[in-house]
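Pasting structure.txt here (compact mmCIF, C-alpha atoms):
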# COMPACT_ATOMS: atom_id res chain seq x y z
CA MET A 1 154.58 31.47 139.06
CA GLN A 2 152.48 30.52 136.06
CA ALA A 3 150.96 34.02 136.00
CA LEU A 4 154.40 35.62 136.15
CA LEU A 5 155.59 33.39 133.30
CA THR A 6 152.55 34.36 131.23
CA ASP A 7 153.30 38.06 131.79
CA ALA A 8 156.95 37.53 130.87
CA GLU A 9 156.15 35.57 127.70
CA ALA A 10 153.73 38.32 126.65
CA ARG A 11 156.75 40.63 126.70
CA GLY A 12 158.93 38.38 124.55
CA THR A 13 160.46 36.04 127.13
CA THR A 14 161.41 32.49 126.14
CA LEU A 15 161.61 29.85 128.87
CA ALA A 16 164.27 27.20 128.19
CA LEU A 17 164.32 24.39 130.74
CA ARG A 18 166.86 21.57 131.20
CA THR A 19 169.75 23.71 129.98
CA ARG A 20 173.00 23.65 131.95
CA VAL A 21 175.60 26.44 132.17
CA ARG A 22 179.03 25.03 131.38
CA GLY A 23 181.11 28.21 131.29
CA GLY A 24 181.49 31.63 129.71
CA ARG A 25 182.94 35.04 130.35
CA VAL A 26 181.94 38.60 131.09
CA TYR A 27 183.28 41.32 128.81
CA ASP A 28 182.58 45.01 128.26
CA ALA A 29 179.63 44.58 125.88
CA GLY A 30 177.90 41.70 127.63
CA VAL A 31 178.20 38.06 128.67
CA LEU A 32 179.04 34.96 126.62
CA LEU A 33 177.49 31.73 127.96
CA GLU A 34 178.45 28.17 127.07
CA LEU A 35 175.35 26.00 127.52
CA GLU A 36 174.46 22.33 127.31
CA SER A 37 171.12 20.69 126.61
CA VAL A 38 170.51 18.14 129.36
CA ASP A 39 168.37 16.00 127.03
CA SER A 40 170.53 15.90 123.90
CA GLY A 41 173.96 16.70 125.31
CA ASP A 42 174.46 19.32 122.59
CA PHE A 43 176.62 22.36 123.41
CA PHE A 44 175.90 25.84 122.14
CA PHE A 45 176.82 29.45 122.88
CA LEU A 46 174.56 32.34 123.80
CA GLU A 47 175.66 35.97 123.76
CA ALA A 48 173.65 38.28 126.01
CA GLN A 49 173.83 41.98 126.76
CA GLU A 50 173.03 41.27 130.41
CA VAL A 51 172.75 38.14 132.57
CA VAL A 52 171.14 37.58 135.97
CA ASN A 53 172.59 34.68 137.92
CA CYS A 54 169.83 33.58 140.32
CA CYS A 55 170.76 29.90 140.36
CA GLY A 56 170.05 29.24 144.03
CA LEU A 57 172.44 26.65 145.43
CA ALA A 58 174.61 26.87 142.31
CA ALA A 59 174.89 30.68 142.11
CA PRO A 60 178.48 30.86 143.46
CA ARG A 61 179.60 28.08 141.11
CA VAL A 62 178.02 29.80 138.08
CA ALA A 63 179.63 33.13 139.03
CA GLN A 64 183.01 31.41 139.20
CA MET A 65 182.43 29.80 135.79
CA LEU A 66 181.84 33.28 134.35
CA GLY A 67 185.11 34.67 135.72
CA MET A 68 183.97 36.45 138.88
CA GLU A 69 186.70 36.35 141.53
CA GLU A 70 185.22 37.86 144.71
CA ILE A 71 182.58 35.25 145.42
CA PRO A 72 181.16 34.59 148.89
CA ARG A 73 181.77 31.13 150.25
CA ALA A 74 178.72 28.88 150.02
CA TYR A 75 177.41 26.89 152.97
CA PHE A 76 174.58 24.42 152.60
CA CYS A 77 171.99 23.67 155.22
CA ARG A 78 169.35 20.97 154.98
CA GLY A 79 166.03 21.61 156.65
CA SER A 80 163.69 18.70 157.28
CA TYR A 81 159.96 18.78 157.90
CA TYR A 82 157.82 16.39 159.89
CA ALA A 83 154.06 16.07 159.31
CA LEU A 84 151.52 15.77 162.09
CA GLN A 85 149.44 12.61 161.66
CA GLY A 86 146.34 11.22 163.31
CA GLY A 87 143.96 13.91 162.03
CA LEU A 88 145.20 16.45 164.59
CA LYS A 89 144.70 20.11 163.63
CA PRO A 90 145.89 22.19 166.59
CA PHE A 91 146.60 25.38 164.62
CA SER A 92 144.82 27.46 162.01
CA ARG A 93 147.79 29.73 161.24
CA LEU A 94 151.58 29.76 161.16
CA ILE A 95 153.32 29.47 164.51
CA TYR A 96 156.87 30.76 164.90
CA PRO A 97 158.90 30.23 168.09
CA VAL A 98 160.88 33.16 169.47
CA HIS A 99 164.10 33.40 167.47
CA GLU A 100 167.26 32.51 169.37
CA PRO A 101 170.25 34.84 168.83
CA GLN A 102 173.30 33.52 166.96
CA THR A 103 171.33 30.70 165.35
CA SER A 104 171.10 29.99 161.62
CA GLY A 105 167.39 29.25 161.27
CA LEU A 106 164.01 30.58 162.26
CA GLY A 107 163.35 27.62 164.51
CA VAL A 108 161.09 24.61 164.02
CA HIS A 109 157.84 26.39 163.26
CA ALA A 110 154.37 25.15 162.37
CA THR A 111 152.95 25.58 158.87
CA VAL A 112 149.39 24.84 157.77
CA ASP A 113 148.55 24.00 154.15
CA LEU A 114 145.25 24.63 152.35
CA GLN A 115 143.90 21.27 153.50
CA GLY A 116 144.70 22.03 157.14
CA GLN A 117 147.63 19.60 157.28
CA VAL A 118 150.19 20.73 159.87
CA ARG A 119 153.92 20.33 159.31
CA PHE A 120 156.80 21.29 161.57
CA GLY A 121 160.18 22.49 160.37
CA PRO A 122 162.67 23.20 159.15
CA ASP A 123 165.51 22.22 161.43
CA VAL A 124 169.18 23.03 160.78
CA GLU A 125 171.45 20.27 159.49
CA TRP A 126 174.75 21.51 158.10
CA LEU A 127 175.90 19.46 155.12
CA PRO A 128 179.54 18.67 154.31
CA ASN A 129 181.01 20.32 151.23
CA GLU A 130 181.18 16.95 149.47
CA ILE A 131 177.95 15.04 149.91
CA ARG A 132 179.19 12.37 147.47
CA PRO A 133 182.84 11.57 146.66
CA GLY A 134 184.09 14.37 144.43
CA LYS A 135 180.64 15.98 144.24
CA GLU A 136 179.62 19.07 146.20
CA VAL A 137 176.11 19.69 147.46
CA ASP A 138 174.97 21.98 144.64
CA GLU A 139 176.24 19.56 141.98
CA VAL A 140 174.33 16.65 143.53
CA ALA A 141 171.17 18.70 144.15
CA TYR A 142 170.77 19.32 140.41
CA SER A 143 171.77 15.82 139.27
CA PRO A 144 169.81 12.58 138.70
CA GLN A 145 171.16 11.46 142.11
CA GLN A 146 169.66 14.49 143.86
CA ALA A 147 167.64 12.37 146.30
CA ILE A 148 170.66 12.01 148.57
CA ALA A 149 170.65 15.78 149.18
CA TYR A 150 167.00 15.81 150.20
CA GLU A 151 166.77 12.73 152.40
CA VAL A 152 164.96 13.22 155.71
CA ASP A 153 166.90 11.66 158.58
CA THR A 154 164.24 9.90 160.64
CA ASN A 155 166.63 9.84 163.60
CA ARG A 156 166.13 13.61 163.98
CA SER A 157 162.53 13.18 165.14
CA LYS A 158 163.52 13.33 168.83
CA SER A 159 164.76 16.91 168.47
CA PHE A 160 161.52 17.82 166.66
CA TYR A 161 159.40 16.67 169.59
CA SER A 162 161.41 18.76 172.04
CA GLU A 163 161.33 21.86 169.80
CA VAL A 164 157.61 21.68 169.08
CA ARG A 165 156.76 21.12 172.74
CA ARG A 166 158.29 24.48 173.54
CA TYR A 167 155.09 26.05 172.20
CA TRP A 168 152.73 23.03 172.06
CA PRO A 169 153.37 20.89 175.14
CA GLN A 170 150.41 18.61 174.28
CA LEU A 171 152.13 17.14 171.21
CA PRO A 172 151.39 13.38 171.45
CA GLU A 173 154.29 10.95 171.29
CA GLY A 174 154.43 9.10 167.97
CA SER A 175 152.38 11.68 166.06
CA LEU A 176 155.19 13.00 163.83
CA VAL A 177 156.24 11.35 160.57
CA ALA A 178 159.13 12.36 158.30
CA ASP A 179 157.78 14.37 155.35
CA TYR A 180 160.28 16.18 153.14
CA ALA A 181 163.46 18.27 153.18
CA GLY A 182 164.94 21.24 151.38
CA VAL A 183 168.48 22.57 151.06
CA ARG A 184 169.07 26.27 151.50
CA PRO A 185 172.19 28.24 150.56
CA LYS A 186 173.78 30.34 153.29
CA LEU A 187 176.60 32.89 153.38
CA SER A 188 177.56 32.09 156.98
CA GLY A 189 178.59 28.79 158.47
CA PRO A 190 178.05 26.87 161.70
CA GLY A 191 178.58 29.01 164.79
CA GLU A 192 178.73 32.27 162.82
CA PRO A 193 176.19 35.12 163.05
CA ALA A 194 173.49 34.76 160.40
CA ALA A 195 174.44 36.62 157.21
CA ASP A 196 171.95 38.25 154.86
CA PHE A 197 171.77 37.43 151.16
CA GLN A 198 173.78 39.47 148.64
CA VAL A 199 173.03 41.09 145.30
CA ALA A 200 176.38 41.66 143.60
CA ARG A 201 177.11 43.19 140.20
CA TYR A 202 180.07 42.14 138.05
CA GLY A 203 180.01 44.14 134.81
CA LYS A 204 176.94 43.03 132.85
CA LEU A 205 176.37 40.16 135.29
CA VAL A 206 174.21 40.47 138.42
CA ASN A 207 174.48 37.67 140.98
CA LEU A 208 172.07 36.75 143.75
CA PHE A 209 173.90 34.85 146.47
CA GLY A 210 172.46 33.13 149.52
CA ILE A 211 168.85 33.56 148.45
CA GLU A 212 166.63 31.76 150.92
CA SER A 213 163.68 33.15 152.84
CA PRO A 214 163.19 36.12 153.16
CA GLY A 215 164.95 36.54 149.82
CA LEU A 216 162.55 34.16 148.09
CA THR A 217 159.51 35.82 149.61
CA SER A 218 160.71 39.27 148.49
CA SER A 219 161.58 38.09 144.98
CA LEU A 220 159.67 40.86 143.18
CA SER A 221 161.45 43.52 145.25
CA LEU A 222 164.74 41.84 144.41
CA ALA A 223 163.79 41.86 140.73
CA ARG A 224 163.31 45.62 140.88
CA GLU A 225 166.74 45.94 142.53
CA VAL A 226 168.32 43.85 139.77
CA VAL A 227 166.69 45.99 137.08
CA HIS A 228 168.00 49.09 138.85
CA LEU A 229 171.55 47.68 138.96
CA LEU A 230 171.49 46.73 135.29
CA GLY A 231 170.29 50.21 134.39
CA ALA A 232 173.22 51.84 136.21
CA LYS A 233 176.49 52.59 134.46
CA SER A 234 179.27 50.03 134.81
CA SER A 235 181.77 50.92 137.51
Here is a file; write its structure as structure tokens.
Amino acid sequence: MQALLTDAEARGTTLALRTRVRGGRVYDAGVLLELESVDSGDFFFLEAQEVVNCCGLAAPRVAQMLGMEEIPRAYFCRGSYYALQGGLKPFSRLIYPVHEPQTSGLGVHATVDLQGQVRFGPDVEWLPNEIRPGKEVDEVAYSPQQAIAYEVDTNRSKSFYSEVRRYWPQLPEGSLVADYAGVRPKLSGPGEPAADFQVARYGKLVNLFGIESPGLTSSLSLAREVVHLLGAKSS
């Protein structure tokens, strides 16, 4: 990511962190954004010829702020990971279980980091729309109280043992410890067939909805698709 940022800055890009989108509108000549500095609380406006909304969990909310009407419903799914302790290193590569039809994840698979540490995950834990009173998942995930969205439920360890033992029956009891969790945006809900991510154009605005893996891992291909859409004439 640092190398990509360096390439972008060499071509005139400016990276502005801790800046929140508060509203705006799409019009024929471009997009007007209302922004807020998280640090100072100052509001300001930015007028752009083109805007790419790749805001992850918040992409549907940002699209709605900018006046887009046909927005896919957002579902949020927490995936927890458990680390293998005790110095055990049973695998030297990724292990994926056979995917089960009509399920929303890739199964509890094994990942190996550069130090040889093995982790298992993610599982599928559907989150309610409001994870705090009056606050939806994407609002909390980007707030100072974000920890509540990424808590690992230690009570889920039992299901991890049963899932991992499908492909590693020798997993010792008591060898898994809660590690970390992530929240992924989905365009299909519990019990529905898994839906792919979407790249949707709205005038001078291009939106990326439901971007999880494999969307994240094909990000450069998606970037080329976005550039292609922005180069096309408005419909």
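Picture a line from atom CA of A:Ala200 to atom CA of A:Gln49; it runs 17.0 Å.
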Gap from atom CA of A:Asp138 to atom CA of A:Ala3 - Å, one decimal: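 Taking atom CA of A:Asp138 and atom CA of A:Ala3, their separation equals 28.2 Å.
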Best match for closeness to A:Leu88 among A:Tyr75, A:Lys135, A:Leu57, A:Ser175, counting all atoms listed in the file: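 Closest to A:Leu88 of all the choices is A:Ser175.
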When you draw a straight line from atom CA of A:Lys204 to atom CA of A:Glu9, how long is it in Å? 22.7 Å
Looking at A:Val51, A:Ala8, A:Met65, A:Val164, which one is nearest to A:Ala29, with distances taken over all atoms listed in the file?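 Closest to A:Ala29, using all atoms listed in the file: A:Val51.
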Please list as a list in words every residue within 10 Å of A:Arg78, counting only C-alpha atoms and excluding residues in the same chain fewer than 4 positions away.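 In the requested form, the answer reads Pro122, Asp123, Val124, Glu125, Trp126, Leu127, Ala149, Tyr150, Glu151, Val152, Ala181, Gly182, Val183, Arg184 and Pro185 of chain A.
Between A:Val118 and the candidates A:Pro133, A:Pro72, A:Pro97, A:Gly87, the tightest atom-to-atom separation, counting all atoms listed in the file, involves A:Gly87.
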With a distance cut-off of 6 Å and only C-alpha atoms, select the neighbouring residues of stretch 34-37 of chain A, excluding the residue or stretch itself and same-chain residues fewer than 4 positions from it, and output the selection as a VMD selection string. chain A and resid 19 to 24 41 to 45
Would you kindly identify which residues have an atom no farther than 12 Å from (165.2, 42.6, 142.7), using only C-alpha atoms and the file's own coordinates, and write them out as a ChimeraX atom specification? /A:52-54,197-200,206-208,211,215-230
As JSON, what would the box around stretch 23-34 of chain A look like: edges along x, y and z, 5 Å added on every side, centre and edge lengths in Å to one decimal?
{"center_x": 180.4, "center_y": 36.6, "center_z": 128.6, "size_x": 15.8, "size_y": 26.8, "size_z": 15.4}
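Across A:Asp113, A:Phe120, A:Thr14, A:Val140, the tightest approach to A:Tyr96 is made by A:Phe120 when counting all atoms listed in the file.
With all atoms listed in the file as the atoms that count, the residue of A:Asn129, A:Phe91, A:Leu17, A:Ala147 with the shortest distance to A:Arg73 is A:Asn129.
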Between A:Pro90, A:Phe76, A:Phe209, A:Cys55, which is the closest to A:Pro169 once you count all atoms listed in the file? A:Pro90
10 Å contact set for A:Ala195, all atoms listed in the file, chain neighbours under 4 positions out, as a PyMOL selection string: chain A and resi 104+186-189+210
Grab the residues selected above and save them as a tab-separated table (two decimals), in the coordinates of the input with C-alpha atoms.
chain	number	residue	atom	x	y	z
A	104	SER	CA	171.10	29.99	161.62
A	186	LYS	CA	173.78	30.34	153.29
A	187	LEU	CA	176.60	32.89	153.38
A	188	SER	CA	177.56	32.09	156.98
A	189	GLY	CA	178.59	28.79	158.47
A	210	GLY	CA	172.46	33.13	149.52
Because the input lacks atoms here, generate all heavy atoms for stretch 46-57 of chain A and report them as a short mmCIF file (atom, residue, chain, number, x, y, z; two decimals), in the coordinates of the input.
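selection_24.cif written:
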data_model
loop_
_atom_site.label_atom_id
_atom_site.label_comp_id
_atom_site.auth_asym_id
_atom_site.auth_seq_id
_atom_site.Cartn_x
_atom_site.Cartn_y
_atom_site.Cartn_z
N LEU A 46 175.56 31.28 123.79
CA LEU A 46 174.56 32.34 123.80
C LEU A 46 175.25 33.62 124.23
O LEU A 46 175.94 33.66 125.26
CB LEU A 46 173.43 32.01 124.77
CG LEU A 46 172.35 33.08 124.97
CD1 LEU A 46 171.54 33.25 123.68
CD2 LEU A 46 171.42 32.71 126.11
N GLU A 47 175.08 34.67 123.42
CA GLU A 47 175.66 35.97 123.76
C GLU A 47 174.54 36.89 124.23
O GLU A 47 173.53 37.05 123.53
CB GLU A 47 176.36 36.56 122.53
CG GLU A 47 177.24 37.75 122.86
CD GLU A 47 178.11 38.17 121.69
OE1 GLU A 47 177.91 37.63 120.57
OE2 GLU A 47 178.99 39.03 121.87
N ALA A 48 174.69 37.44 125.41
CA ALA A 48 173.65 38.28 126.01
C ALA A 48 174.23 39.63 126.41
O ALA A 48 175.39 39.74 126.80
CB ALA A 48 173.06 37.59 127.23
N GLN A 49 173.40 40.66 126.30
CA GLN A 49 173.83 41.98 126.76
C GLN A 49 173.93 42.03 128.28
O GLN A 49 174.79 42.70 128.83
CB GLN A 49 172.85 43.05 126.26
CG GLN A 49 172.86 43.24 124.75
CD GLN A 49 171.87 44.30 124.31
OE1 GLN A 49 170.87 44.55 124.99
NE2 GLN A 49 172.15 44.94 123.19
N GLU A 50 173.05 41.29 128.95
CA GLU A 50 173.03 41.27 130.41
C GLU A 50 172.60 39.88 130.88
O GLU A 50 171.81 39.21 130.20
CB GLU A 50 172.04 42.30 130.97
CG GLU A 50 172.38 43.73 130.57
CD GLU A 50 171.18 44.68 130.71
OE1 GLU A 50 170.03 44.19 130.66
OE2 GLU A 50 171.41 45.88 130.85
N VAL A 51 173.10 39.44 132.01
CA VAL A 51 172.75 38.14 132.57
C VAL A 51 172.49 38.29 134.07
O VAL A 51 173.23 38.99 134.77
CB VAL A 51 173.87 37.10 132.32
CG1 VAL A 51 173.64 35.83 133.15
CG2 VAL A 51 173.95 36.74 130.85
N VAL A 52 171.45 37.63 134.54
CA VAL A 52 171.14 37.58 135.97
C VAL A 52 171.36 36.15 136.44
O VAL A 52 170.72 35.22 135.94
CB VAL A 52 169.69 38.02 136.25
CG1 VAL A 52 169.41 37.96 137.76
CG2 VAL A 52 169.43 39.42 135.71
N ASN A 53 172.27 35.99 137.36
CA ASN A 53 172.59 34.68 137.92
C ASN A 53 171.80 34.51 139.22
O ASN A 53 172.21 34.96 140.27
CB ASN A 53 174.10 34.57 138.18
CG ASN A 53 174.47 33.34 139.00
OD1 ASN A 53 173.70 32.39 139.10
ND2 ASN A 53 175.65 33.39 139.60
N CYS A 54 170.65 33.86 139.12
CA CYS A 54 169.83 33.58 140.32
C CYS A 54 169.64 32.07 140.39
O CYS A 54 168.52 31.57 140.36
CB CYS A 54 168.51 34.34 140.29
SG CYS A 54 167.57 34.16 138.76
N CYS A 55 170.75 31.36 140.47
CA CYS A 55 170.76 29.90 140.36
C CYS A 55 170.69 29.20 141.71
O CYS A 55 171.06 28.02 141.81
CB CYS A 55 172.00 29.45 139.60
SG CYS A 55 172.04 30.01 137.89
N GLY A 56 170.26 29.89 142.75
CA GLY A 56 170.05 29.24 144.03
C GLY A 56 171.31 28.64 144.60
O GLY A 56 172.33 29.32 144.79
N LEU A 57 171.28 27.33 144.85
CA LEU A 57 172.44 26.65 145.43
C LEU A 57 173.68 26.79 144.56
O LEU A 57 174.80 26.84 145.06
CB LEU A 57 172.14 25.16 145.62
CG LEU A 57 170.92 24.78 146.46
CD1 LEU A 57 170.77 23.27 146.51
CD2 LEU A 57 171.01 25.36 147.86
#
